[in-house]
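Structure data follow from model-v2.txt (compact mmCIF, C-alpha atoms and all ligand atoms):
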# COMPACT_ATOMS: atom_id res chain seq x y z
CA MET A 1 142.90 63.93 46.79
CA ALA A 2 143.13 60.32 47.91
CA PHE A 3 145.41 58.15 45.76
CA VAL A 4 142.80 55.51 45.09
CA THR A 5 142.61 54.24 41.52
CA ALA A 6 140.02 51.43 41.52
CA LEU A 7 138.44 48.53 43.29
CA LYS A 8 140.30 45.41 42.22
CA CYS A 9 139.22 41.77 42.45
CA ARG A 10 141.56 39.78 44.68
CA GLU A 11 140.93 36.63 42.64
CA CYS A 12 140.94 37.61 38.97
CA GLY A 13 142.38 41.14 39.09
CA ARG A 14 139.51 42.82 37.20
CA GLU A 15 139.06 46.48 38.10
CA TYR A 16 135.90 48.35 39.02
CA PRO A 17 135.06 51.99 39.76
CA ILE A 18 135.20 53.36 43.31
CA GLU A 19 131.67 52.55 44.43
CA PRO A 20 129.93 50.94 47.37
CA SER A 21 130.39 47.37 46.14
CA TYR A 22 132.34 44.39 47.38
CA THR A 23 132.26 41.44 45.02
CA CYS A 24 133.53 40.89 41.50
CA SER A 25 130.62 40.46 39.13
CA TRP A 26 132.83 38.22 36.98
CA CYS A 27 134.14 35.67 39.51
CA PHE A 28 132.47 36.68 42.82
CA GLY A 29 135.90 37.26 44.40
CA PRO A 30 136.24 40.00 47.05
CA LEU A 31 137.18 43.50 45.93
CA GLU A 32 140.09 45.44 47.38
CA VAL A 33 141.11 49.10 47.09
CA ALA A 34 143.96 49.74 44.63
CA TYR A 35 146.29 52.77 44.88
CA ASP A 36 148.70 54.72 42.75
CA TYR A 37 151.81 53.92 44.78
CA ASP A 38 154.12 56.04 42.61
CA ALA A 39 152.00 59.11 43.35
CA ILE A 40 151.92 58.27 47.06
CA ARG A 41 155.71 57.83 47.11
CA ALA A 42 156.10 61.29 45.60
CA SER A 43 153.75 62.80 48.18
CA VAL A 44 154.49 61.21 51.59
CA SER A 45 157.53 61.27 53.80
CA ARG A 46 158.27 60.33 57.38
CA GLU A 47 158.15 64.08 58.11
CA SER A 48 154.75 64.66 56.49
CA ILE A 49 153.34 61.80 58.53
CA ALA A 50 154.90 63.07 61.76
CA ALA A 51 153.23 66.44 61.13
CA GLY A 52 149.79 64.81 60.85
CA PRO A 53 147.17 64.22 63.54
CA LEU A 54 147.67 61.65 66.31
CA SER A 55 145.11 59.30 64.78
CA VAL A 56 144.73 56.92 61.84
CA TRP A 57 144.35 60.02 59.67
CA ARG A 58 148.10 60.72 59.79
CA TYR A 59 148.22 57.96 57.14
CA ALA A 60 145.41 59.46 55.02
CA ASP A 61 147.52 59.14 51.85
CA LEU A 62 147.43 55.36 52.28
CA LEU A 63 143.70 55.26 53.06
CA PRO A 64 140.74 55.39 50.67
CA SER A 65 139.19 58.67 51.83
CA GLU A 66 140.04 62.28 52.60
CA ARG A 67 141.29 63.43 55.99
CA GLN A 68 139.40 66.73 55.67
CA GLU A 69 135.98 65.09 55.67
CA SER A 70 136.82 62.25 58.01
CA VAL A 71 134.60 60.92 60.78
CA ASP A 72 137.20 61.14 63.51
CA LEU A 73 136.78 60.32 67.19
CA GLY A 74 140.55 59.94 67.51
CA ALA A 75 140.93 56.28 66.56
CA GLY A 76 144.48 55.04 66.27
CA PHE A 77 147.98 56.05 67.28
CA THR A 78 147.61 53.86 70.35
CA PRO A 79 150.67 53.08 72.49
CA LEU A 80 153.22 50.46 71.48
CA VAL A 81 154.60 49.37 74.83
CA ARG A 82 157.56 47.14 75.65
CA ALA A 83 156.55 44.03 77.60
CA PRO A 84 159.66 42.75 79.41
CA ARG A 85 157.89 40.91 82.22
CA LEU A 86 155.57 39.00 79.91
CA ALA A 87 158.55 38.23 77.65
CA ALA A 88 160.52 36.85 80.60
CA GLU A 89 157.63 34.59 81.66
CA LEU A 90 157.42 33.16 78.15
CA GLY A 91 161.15 32.91 77.49
CA LEU A 92 161.07 35.56 74.77
CA GLY A 93 163.35 38.49 74.01
CA GLU A 94 162.12 41.81 72.61
CA LEU A 95 158.33 41.79 72.96
CA TRP A 96 155.97 44.71 72.30
CA ILE A 97 152.25 45.16 72.83
CA LYS A 98 150.17 47.30 70.50
CA ASN A 99 147.57 48.41 73.01
CA ASP A 100 144.42 48.95 70.98
CA THR A 101 142.24 48.79 74.07
CA LEU A 102 142.87 52.55 74.24
CA ASN A 103 140.80 53.50 71.20
CA PRO A 104 137.68 55.72 71.57
CA THR A 105 135.33 52.75 72.06
CA ASN A 106 138.10 50.52 73.40
CA SER A 107 138.73 48.22 70.47
CA PHE A 108 140.63 48.19 67.20
CA LYS A 109 137.28 48.44 65.34
CA ASP A 110 137.42 52.23 65.69
CA ARG A 111 140.15 52.22 63.03
CA VAL A 112 138.07 50.45 60.40
CA VAL A 113 134.87 52.29 61.29
CA SER A 114 136.48 55.73 61.10
CA VAL A 115 137.58 54.91 57.54
CA ALA A 116 134.31 53.20 56.52
CA LEU A 117 132.06 56.00 57.77
CA SER A 118 134.22 58.66 56.16
CA LYS A 119 133.85 56.85 52.85
CA ALA A 120 130.09 56.34 53.45
CA LEU A 121 129.68 60.11 53.91
CA GLU A 122 131.67 60.72 50.73
CA PHE A 123 129.30 58.35 48.88
CA GLY A 124 126.36 60.36 50.26
CA PHE A 125 124.85 57.72 52.57
CA LYS A 126 122.56 59.05 55.30
CA VAL A 127 122.28 55.76 57.19
CA VAL A 128 125.04 53.39 58.30
CA ALA A 129 124.68 49.80 59.47
CA CYS A 130 126.69 46.71 60.37
CA ALA A 131 126.64 43.05 61.39
CA SER A 132 128.68 42.80 64.55
CA THR A 133 130.17 40.38 67.08
CA GLY A 134 130.12 43.29 69.56
CA ASN A 135 133.02 45.67 69.14
CA LEU A 136 131.94 46.81 65.70
CA ALA A 137 128.51 47.59 67.18
CA ASN A 138 130.09 49.89 69.80
CA SER A 139 132.17 51.64 67.24
CA VAL A 140 129.56 52.13 64.51
CA ALA A 141 127.03 53.46 67.03
CA ALA A 142 129.55 55.93 68.47
CA HIS A 143 130.97 57.17 65.16
CA ALA A 144 127.47 57.49 63.66
CA ALA A 145 126.42 59.61 66.65
CA HIS A 146 129.52 61.76 66.22
CA ALA A 147 128.81 62.28 62.51
CA GLY A 148 125.08 62.86 62.94
CA LEU A 149 124.26 59.74 60.93
CA GLU A 150 121.40 57.36 61.59
CA SER A 151 122.57 53.84 62.46
CA TYR A 152 121.21 50.28 62.41
CA VAL A 153 123.42 47.87 64.27
CA PHE A 154 122.70 44.11 64.14
CA ILE A 155 124.12 41.76 66.80
CA PRO A 156 123.61 38.18 67.99
CA SER A 157 121.18 38.41 70.95
CA ASN A 158 123.52 36.48 73.30
CA LEU A 159 126.33 39.09 73.44
CA GLU A 160 127.99 40.26 76.64
CA ALA A 161 126.22 43.06 78.58
CA GLY A 162 129.43 45.06 78.24
CA LYS A 163 128.84 45.24 74.51
CA ILE A 164 125.08 45.74 74.41
CA VAL A 165 124.84 48.61 76.90
CA THR A 166 127.91 50.28 75.42
CA THR A 167 126.27 50.27 71.99
CA ALA A 168 122.72 51.20 72.98
CA VAL A 169 123.90 54.24 74.94
CA TYR A 170 124.76 56.09 71.70
CA GLY A 171 121.10 56.15 70.76
CA GLY A 172 121.06 54.47 67.33
CA ASN A 173 118.94 51.46 66.43
CA LEU A 174 120.29 48.28 67.98
CA VAL A 175 118.70 45.11 66.61
CA ALA A 176 119.38 41.89 68.54
CA VAL A 177 118.94 38.85 66.31
CA ASP A 178 118.16 35.38 67.66
CA GLY A 179 121.05 33.62 65.97
CA ASN A 180 124.84 33.60 65.81
CA TYR A 181 127.06 36.09 63.97
CA ASP A 182 126.93 34.14 60.73
CA ASP A 183 123.11 34.35 60.79
CA VAL A 184 123.33 38.10 61.47
CA ASN A 185 125.83 38.57 58.67
CA ARG A 186 123.69 36.67 56.18
CA LEU A 187 120.70 38.81 57.14
CA CYS A 188 122.71 41.99 56.65
CA ALA A 189 123.94 40.86 53.21
CA GLU A 190 120.26 40.49 52.23
CA LEU A 191 119.28 43.83 53.78
CA ALA A 192 122.13 45.55 51.96
CA GLY A 193 120.43 44.60 48.70
CA THR A 194 117.17 46.21 49.83
CA TYR A 195 117.95 49.23 52.00
CA PRO A 196 120.05 52.13 50.69
CA TRP A 197 122.41 51.98 53.67
CA ALA A 198 126.17 51.75 54.08
CA PHE A 199 126.74 48.40 55.80
CA VAL A 200 130.32 48.97 56.94
CA ASN A 201 131.35 45.31 56.68
CA VAL A 202 129.19 44.42 53.68
CA ASN A 203 128.83 46.90 50.81
CA VAL A 204 131.61 49.26 51.99
CA ARG A 205 133.80 46.42 53.28
CA PRO A 206 136.70 47.11 50.86
CA TYR A 207 137.12 50.59 52.40
CA TYR A 208 136.47 49.41 55.96
CA ALA A 209 139.15 46.74 55.66
CA GLU A 210 141.82 49.31 54.72
CA GLY A 211 141.60 50.83 58.21
CA SER A 212 143.39 47.81 59.67
CA LYS A 213 146.56 48.68 57.74
CA THR A 214 147.12 51.52 60.20
CA LEU A 215 148.08 48.89 62.81
CA ALA A 216 151.11 48.02 60.67
CA PHE A 217 151.86 51.67 59.82
CA GLU A 218 151.86 52.75 63.46
CA THR A 219 153.89 49.75 64.58
CA ALA A 220 156.62 50.54 62.08
CA GLU A 221 156.61 54.27 62.86
CA GLN A 222 156.71 53.61 66.60
CA LEU A 223 159.66 51.23 66.15
CA GLY A 224 161.56 54.08 64.46
CA TRP A 225 160.46 53.13 60.92
CA GLN A 226 161.41 49.49 61.21
CA ALA A 227 159.28 46.42 60.76
CA PRO A 228 159.18 43.79 63.51
CA ASP A 229 160.31 40.21 62.88
CA HIS A 230 157.12 38.51 63.99
CA VAL A 231 153.55 39.62 64.76
CA VAL A 232 150.68 37.75 66.43
CA VAL A 233 147.20 38.79 65.31
CA PRO A 234 143.75 37.54 66.39
CA ILE A 235 141.48 36.22 63.65
CA ALA A 236 137.71 36.64 63.33
CA SER A 237 137.01 37.15 59.60
CA GLY A 238 140.77 37.28 58.95
CA SER A 239 140.62 40.80 57.55
CA GLN A 240 142.79 42.45 60.19
CA LEU A 241 145.59 39.90 59.84
CA THR A 242 145.57 40.16 56.05
CA LYS A 243 145.71 43.95 56.16
CA ILE A 244 148.50 44.13 58.75
CA HIS A 245 150.54 41.96 56.41
CA LYS A 246 149.66 44.23 53.46
CA GLY A 247 150.39 47.38 55.49
CA PHE A 248 154.06 46.55 56.14
CA HIS A 249 154.64 45.92 52.43
CA GLU A 250 152.92 49.14 51.41
CA LEU A 251 155.29 51.12 53.63
CA PHE A 252 158.22 49.73 51.66
CA GLU A 253 156.38 50.25 48.38
CA VAL A 254 155.99 53.99 49.07
CA GLY A 255 159.52 54.45 50.41
CA LEU A 256 158.76 54.78 54.13
CA LEU A 257 160.79 51.66 55.01
CA ASP A 258 164.38 51.37 53.78
CA GLU A 259 164.41 47.59 53.65
CA GLU A 260 161.85 45.20 52.27
CA PRO A 261 160.13 43.89 55.41
CA SER A 262 160.02 40.15 56.10
CA VAL A 263 157.51 40.03 58.93
CA ARG A 264 156.40 36.57 60.02
CA VAL A 265 152.67 36.72 60.64
CA SER A 266 151.01 34.33 63.09
CA GLY A 267 147.29 33.98 63.71
CA ALA A 268 145.30 33.39 66.90
CA GLN A 269 141.90 31.71 67.28
CA ALA A 270 139.80 30.22 70.07
CA LEU A 271 139.36 26.45 69.89
CA GLY A 272 135.58 26.93 70.10
CA CYS A 273 135.67 28.84 66.81
CA SER A 274 138.81 27.97 64.90
CA PRO A 275 137.93 27.32 61.26
CA VAL A 276 141.01 29.19 60.01
CA ALA A 277 143.52 27.73 62.50
CA THR A 278 142.14 24.24 61.93
CA ALA A 279 142.53 24.47 58.15
CA PHE A 280 146.04 25.87 58.62
CA LEU A 281 147.07 23.14 61.05
CA GLU A 282 145.66 20.43 58.77
CA GLY A 283 147.64 21.86 55.86
CA SER A 284 144.38 22.43 53.99
CA GLU A 285 143.24 25.23 51.68
CA VAL A 286 139.60 24.59 52.50
CA ILE A 287 137.98 26.33 55.45
CA LYS A 288 135.12 24.32 56.91
CA PRO A 289 132.49 26.56 58.55
CA VAL A 290 131.79 25.86 62.24
CA LYS A 291 129.14 26.73 64.84
CA PRO A 292 130.98 28.92 67.37
CA ASP A 293 131.08 27.97 71.04
CA THR A 294 133.65 30.08 72.92
CA ILE A 295 133.91 32.93 75.42
CA ALA A 296 135.86 34.85 72.75
CA LYS A 297 132.66 36.16 71.17
CA SER A 298 134.34 39.03 69.35
CA LEU A 299 136.22 36.42 67.30
CA ALA A 300 133.25 34.06 66.89
CA ILE A 301 132.85 34.03 63.11
CA GLY A 302 132.16 30.48 61.97
CA ASN A 303 132.40 31.24 58.25
CA PRO A 304 135.24 33.77 57.91
CA ALA A 305 135.25 35.83 54.71
CA ASP A 306 139.01 36.43 54.61
CA GLY A 307 140.11 33.14 56.14
CA TYR A 308 141.74 31.89 52.96
CA PHE A 309 143.79 35.09 52.58
CA ALA A 310 144.82 34.92 56.24
CA ILE A 311 146.13 31.37 55.80
CA ASP A 312 147.98 32.49 52.70
CA ALA A 313 149.69 35.36 54.54
CA VAL A 314 150.68 33.12 57.45
CA ARG A 315 152.04 30.33 55.19
CA ASN A 316 153.94 32.70 52.93
CA THR A 317 155.68 34.44 55.82
CA GLY A 318 156.61 31.32 57.82
CA GLY A 319 154.20 32.11 60.66
CA ALA A 320 151.93 29.69 62.47
CA MET A 321 148.52 29.50 64.12
CA ALA A 322 147.05 28.08 67.29
CA ALA A 323 143.56 27.35 68.58
CA VAL A 324 143.43 27.92 72.34
CA THR A 325 140.90 26.74 74.92
CA ASP A 326 138.62 28.97 76.97
CA ASP A 327 140.67 28.13 80.10
CA GLU A 328 143.86 29.19 78.33
CA ILE A 329 142.12 32.44 77.31
CA VAL A 330 141.19 33.27 80.92
CA ASP A 331 144.68 32.39 82.17
CA ALA A 332 146.22 34.55 79.43
CA ILE A 333 144.02 37.55 80.28
CA ARG A 334 145.26 37.27 83.87
CA LEU A 335 148.87 36.73 82.79
CA LEU A 336 148.84 39.87 80.64
CA ALA A 337 147.20 41.92 83.39
CA ARG A 338 149.56 40.60 86.09
CA THR A 339 152.77 41.06 84.11
CA GLU A 340 152.12 44.22 82.10
CA GLY A 341 149.16 46.05 83.66
CA ILE A 342 146.98 45.73 80.56
CA PHE A 343 143.46 44.36 80.88
CA ALA A 344 142.32 42.76 77.64
CA GLU A 345 139.02 41.28 76.57
CA THR A 346 138.78 37.63 75.56
CA ALA A 347 140.26 38.29 72.10
CA GLY A 348 143.40 39.59 73.82
CA GLY A 349 143.44 36.40 75.89
CA VAL A 350 143.36 34.43 72.64
CA THR A 351 146.35 36.39 71.33
CA VAL A 352 148.45 36.06 74.48
CA ALA A 353 147.59 32.35 74.84
CA THR A 354 148.66 31.83 71.22
CA LEU A 355 151.88 33.78 71.83
CA SER A 356 152.53 31.52 74.80
CA ARG A 357 151.92 28.33 72.80
CA LEU A 358 154.06 29.44 69.87
CA ALA A 359 156.85 30.54 72.20
CA ALA A 360 156.78 27.18 73.98
CA SER A 361 156.92 25.27 70.70
CA GLY A 362 159.83 27.38 69.43
CA VAL A 363 157.95 28.88 66.48
CA ILE A 364 158.40 32.34 68.00
CA ARG A 365 162.04 32.67 68.95
CA PRO A 366 163.81 34.73 71.65
CA ASP A 367 165.97 36.42 69.00
CA GLU A 368 162.93 37.87 67.24
CA ARG A 369 161.45 41.32 67.76
CA VAL A 370 157.80 40.41 68.36
CA VAL A 371 154.67 42.57 68.33
CA ILE A 372 151.29 41.30 69.56
CA TYR A 373 148.01 43.06 68.84
CA ILE A 374 145.76 43.48 71.88
CA THR A 375 142.56 44.55 70.21
CA GLY A 376 139.87 45.03 72.85
CA HIS A 377 139.42 46.11 76.48
CA GLY A 378 138.76 43.74 79.37
CA LEU A 379 135.88 45.80 80.78
CA LYS A 380 133.83 44.62 77.79
CA THR A 381 134.02 40.95 78.79
CA LEU A 382 134.08 41.09 82.59
CA GLU A 383 132.15 37.83 82.86
CA ALA A 384 135.19 35.96 81.50
CA VAL A 385 137.30 36.70 84.57
CA SER A 386 134.83 37.75 87.29
CA PRO A 387 134.34 34.13 88.50
CA VAL A 388 138.08 33.74 89.16
CA VAL A 389 139.28 37.11 90.47
CA GLY A 390 138.07 39.26 93.37
CA PRO A 391 139.21 40.84 96.62
CA THR A 392 142.09 39.03 98.33
CA ALA A 393 140.40 39.78 101.66
CA THR A 394 137.19 41.34 102.94
CA ILE A 395 137.54 42.91 106.39
CA ARG A 396 135.77 45.07 108.97
CA PRO A 397 136.82 48.76 108.97
CA ASN A 398 139.42 48.68 111.78
CA ILE A 399 143.18 48.21 112.05
CA GLU A 400 142.96 44.98 114.05
CA ALA A 401 140.96 43.39 111.28
CA PHE A 402 143.70 44.34 108.80
CA HIS A 403 146.43 43.07 111.15
CA ASP A 404 144.59 39.76 111.36
CA ALA A 405 144.25 39.48 107.60
CA PHE A 406 147.78 40.67 106.78
CA PRO A 407 149.79 37.42 107.11
CA ALA A 408 147.49 35.64 104.68
CA LEU A 409 147.61 38.60 102.26
CA GLU A 410 151.40 38.70 102.40
CA GLU A 411 151.52 34.97 101.77
CA SER A 412 149.17 35.13 98.77
CA SER A 413 151.07 37.96 97.06
CA LYS A 414 154.33 35.93 97.01
C1 LIG B 1 136.77 42.21 65.09
C2 LIG B 1 137.87 41.93 66.04
C3 LIG B 1 139.09 41.33 65.64
C4 LIG B 1 139.47 40.86 64.25
O1 LIG B 1 138.55 40.88 63.29
P1 LIG B 1 138.78 40.44 61.77
O2 LIG B 1 137.37 40.18 61.33
O3 LIG B 1 139.63 39.22 61.74
O4 LIG B 1 139.38 41.60 61.09
C5 LIG B 1 140.08 41.19 66.59
N1 LIG B 1 139.89 41.55 67.86
C6 LIG B 1 138.75 42.12 68.28
C7 LIG B 1 138.63 42.50 69.72
C8 LIG B 1 137.70 42.33 67.39
O5 LIG B 1 136.58 42.90 67.84
ZN ZN B 2 137.09 38.55 39.93

Once you've parsed the file, please lay out its structure as structure tokens.
Ligand SMILES: *Cc1c(COP(=O)(O)O)cnc(C)c1O
Ligand SMILES: [Zn+2]
Amino acid sequence: MAFVTALKCRECGREYPIEPSYTCSWCFGPLEVAYDYDAIRASVSRESIAAGPLSVWRYADLLPSERQESVDLGAGFTPLVRAPRLAAELGLGELWIKNDTLNPTNSFKDRVVSVALSKALEFGFKVVACASTGNLANSVAAHAAHAGLESYVFIPSNLEAGKIVTTAVYGGNLVAVDGNYDDVNRLCAELAGTYPWAFVNVNVRPYYAEGSKTLAFETAEQLGWQAPDHVVVPIASGSQLTKIHKGFHELFEVGLLDEEPSVRVSGAQALGCSPVATAFLEGSEVIKPVKPDTIAKSLAIGNPADGYFAIDAVRNTGGAMAAVTDDEIVDAIRLLARTEGIFAETAGGVTVATLSRLAASGVIRPDERVVIYITGHGLKTLEAVSPVVGPTATIRPNIEAFHDAFPALEESSK
């Protein structure tokens, strides 16, 4: 049995039954899953987790649904790799990359979708749906196919080909909407009131959001049950950042960490869609919605639902934020690939560019153990880098041609 006790309003604290709902009927605040931490502490141990599956479901006791009935394509337990060459370029010390490009549909969204669809099945839904900036579309379509569920996936019509084809291939309904993500999301909120479907990031959002905690759980486990000093997390709605912060504290709460973690949390946005970073940098509590204009489409939410909570987490932990340009994003994608052999999508470029800025300004220090979250694969946003990378030479198929080209090649690889 999952250790869930209620849905709890994050604003006023009122409690509600475990149902497909997401706002407090009293104050309209967002609802969050509440747990019986004492019961979890009595049930879990580092050993019980180590004996679990190599997926997010090894942390089932800290998730809102049952492992036995889970919709599981193997999301989670992605590598945490040391990044010494990137660290050296940026003047940092102990730097790690959580490589979430290696999930089943190549983004971190598989974590949240695996949890959301498991809960949707438990609630008895036959149809699942979502409003997506791209990666969620991939993941919902794939997990729905795996579970034999019907799916309706709504996306802005201007998404990258690498996200449209990779969603449509799973055979669900893919609806392209002439508008930006915020238009799509508003439409889905209306549809959720009309169609008896599980919209993973609308009416089952409280459960969906919990999946992001596994990024913190895995990080700590992979560091030998220790929390890092500083993490850098990309922000779209702000949910992932908020839940990573929550995840580290839950581990202490249930006795899996010996010391109370004090993880500084920093947030990364693209300048062309930076409502959260802008409010943070202005020292404001008020997030002004924007019209997105950036190559980082997976992060292009102009009116972020969890932005306020993200700012709160960053301020309370002594982290920082940055808003980076599209040129910085492209350079950072190449820097990460060149130094560590990891090809990230534009969101990863945003994270690495932010790491670079915060390292240069001294906010992230060389004495800190730093973890950055690389949340999506570069093959999904090829158009970001294809204009600036290509063959270093094109030659005829004979050895003389190579001999002729060689000096220039040797020169360019210095
Ligand atoms: C959705 C997404 C995020 C973060 O989303 P939140 O809405 O802030 O939880 C980060 N990276 C990628 C690649 C994404 O697709
Ligand atoms: Zn409330």

Subject >> Neighbour list for range 75-77 of chain A as a PyMOL selection string, cut-off 12 Å, all atoms listed in the file, skip fewer than 4 positions in-chain >> reply: chain A and resi 49-50+52-59+70-71+98-115+139+142-143+211-222+375

Those same residues - C-alpha atoms - I'd like them written as a PDB file, in the frame of the given file.
ATOM      1  CA  ILE A  49     153.340  61.800  58.530  1.00  0.00           C
ATOM      2  CA  ALA A  50     154.900  63.070  61.760  1.00  0.00           C
ATOM      3  CA  GLY A  52     149.790  64.810  60.850  1.00  0.00           C
ATOM      4  CA  PRO A  53     147.170  64.220  63.540  1.00  0.00           C
ATOM      5  CA  LEU A  54     147.670  61.650  66.310  1.00  0.00           C
ATOM      6  CA  SER A  55     145.110  59.300  64.780  1.00  0.00           C
ATOM      7  CA  VAL A  56     144.730  56.920  61.840  1.00  0.00           C
ATOM      8  CA  TRP A  57     144.350  60.020  59.670  1.00  0.00           C
ATOM      9  CA  ARG A  58     148.100  60.720  59.790  1.00  0.00           C
ATOM     10  CA  TYR A  59     148.220  57.960  57.140  1.00  0.00           C
ATOM     11  CA  SER A  70     136.820  62.250  58.010  1.00  0.00           C
ATOM     12  CA  VAL A  71     134.600  60.920  60.780  1.00  0.00           C
ATOM     13  CA  LYS A  98     150.170  47.300  70.500  1.00  0.00           C
ATOM     14  CA  ASN A  99     147.570  48.410  73.010  1.00  0.00           C
ATOM     15  CA  ASP A 100     144.420  48.950  70.980  1.00  0.00           C
ATOM     16  CA  THR A 101     142.240  48.790  74.070  1.00  0.00           C
ATOM     17  CA  LEU A 102     142.870  52.550  74.240  1.00  0.00           C
ATOM     18  CA  ASN A 103     140.800  53.500  71.200  1.00  0.00           C
ATOM     19  CA  PRO A 104     137.680  55.720  71.570  1.00  0.00           C
ATOM     20  CA  THR A 105     135.330  52.750  72.060  1.00  0.00           C
ATOM     21  CA  ASN A 106     138.100  50.520  73.400  1.00  0.00           C
ATOM     22  CA  SER A 107     138.730  48.220  70.470  1.00  0.00           C
ATOM     23  CA  PHE A 108     140.630  48.190  67.200  1.00  0.00           C
ATOM     24  CA  LYS A 109     137.280  48.440  65.340  1.00  0.00           C
ATOM     25  CA  ASP A 110     137.420  52.230  65.690  1.00  0.00           C
ATOM     26  CA  ARG A 111     140.150  52.220  63.030  1.00  0.00           C
ATOM     27  CA  VAL A 112     138.070  50.450  60.400  1.00  0.00           C
ATOM     28  CA  VAL A 113     134.870  52.290  61.290  1.00  0.00           C
ATOM     29  CA  SER A 114     136.480  55.730  61.100  1.00  0.00           C
ATOM     30  CA  VAL A 115     137.580  54.910  57.540  1.00  0.00           C
ATOM     31  CA  SER A 139     132.170  51.640  67.240  1.00  0.00           C
ATOM     32  CA  ALA A 142     129.550  55.930  68.470  1.00  0.00           C
ATOM     33  CA  HIS A 143     130.970  57.170  65.160  1.00  0.00           C
ATOM     34  CA  GLY A 211     141.600  50.830  58.210  1.00  0.00           C
ATOM     35  CA  SER A 212     143.390  47.810  59.670  1.00  0.00           C
ATOM     36  CA  LYS A 213     146.560  48.680  57.740  1.00  0.00           C
ATOM     37  CA  THR A 214     147.120  51.520  60.200  1.00  0.00           C
ATOM     38  CA  LEU A 215     148.080  48.890  62.810  1.00  0.00           C
ATOM     39  CA  ALA A 216     151.110  48.020  60.670  1.00  0.00           C
ATOM     40  CA  PHE A 217     151.860  51.670  59.820  1.00  0.00           C
ATOM     41  CA  GLU A 218     151.860  52.750  63.460  1.00  0.00           C
ATOM     42  CA  THR A 219     153.890  49.750  64.580  1.00  0.00           C
ATOM     43  CA  ALA A 220     156.620  50.540  62.080  1.00  0.00           C
ATOM     44  CA  GLU A 221     156.610  54.270  62.860  1.00  0.00           C
ATOM     45  CA  GLN A 222     156.710  53.610  66.600  1.00  0.00           C
ATOM     46  CA  THR A 375     142.560  44.550  70.210  1.00  0.00           C
TER      47      THR A 375
END

Subject >> Surrounding residues as a ChimeraX atom specification, ligand ZN 2 (chain B), max 6 Å, all atoms listed in the file >> reply: /A:9,11-14,24,26-29

**OP:** Please extract the residues at most 9 Å from ligand LIG 1 (chain B), counting only C-alpha atoms and all ligand atoms, and provide them as JSON, numbers by chain, using the chain letters and residue numbers of this document.
**Re:** {"A": [100, 101, 106, 107, 108, 109, 112, 132, 133, 134, 135, 136, 209, 212, 233, 234, 235, 236, 237, 238, 239, 240, 241, 242, 243, 296, 297, 298, 299, 301, 304, 305, 306, 307, 310, 344, 345, 346, 347, 348, 351, 373, 374, 375, 376, 377]}

Original post:
Leaving out Asp61 in chain A and any residue of its chain fewer than 4 positions from it, which residues lie within 10 Å of it when counting all atoms listed in the file, given as a PyMOL selection string?
Top reply: chain A and resi 1-4+35+37+39-41+43-44+49+57+65-67

Original post:
In terms of the shortest atom-to-atom distance over all atoms listed in the file, which of A:Pro30, A:Pro228, A:Pro407, A:Gly341 is closest to Arg85 in chain A?
Top reply: A:Gly341

**OP:** Kindly give the distance, in Å, that separates CA of Glu150 in chain A and CA of Leu382 in chain A, rounded to a single decimal.
**Re:**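 Value for the CA of Glu150 in chain A-CA of Leu382 in chain A distance: 29.4 Å.
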
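Note that the spacing between CA of Gln269 in chain A and CA of Ala131 in chain A amounts to 19.9 Å.
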
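When only C-alpha atoms are used to compute distances to Arg369 in chain A, the closest of the residues A:Ala6, A:Leu223, A:Asp178, A:Ala42 turns out to be A:Leu223.
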
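You can rank A:Glu328, A:Glu122, A:Glu340, A:Asp38 by their closest distance to Leu355 in chain A using only C-alpha atoms, and at the top of that list sits A:Glu328.
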
**OP:** For CA of Val263 in chain A and CA of Ala88 in chain A, determine how far apart the two atoms are, in Å to one decimal place.
**Re:**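 These atoms are spaced 22.1 Å apart.
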
Original post:
So which one's closest to Gly179 in chain A, A:Thr294, A:Ser157, A:Thr166, A:Gln226? Using all atoms listed in the file, please.
Top reply: A:Ser157

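The shell of residues at most 8 Å from Leu257 in chain A, with only C-alpha atoms counted and near chain neighbours (fewer than 4 positions) removed, consists of Trp225, Gln226, Ala227, Leu251, Phe252 and Pro261 of chain A.
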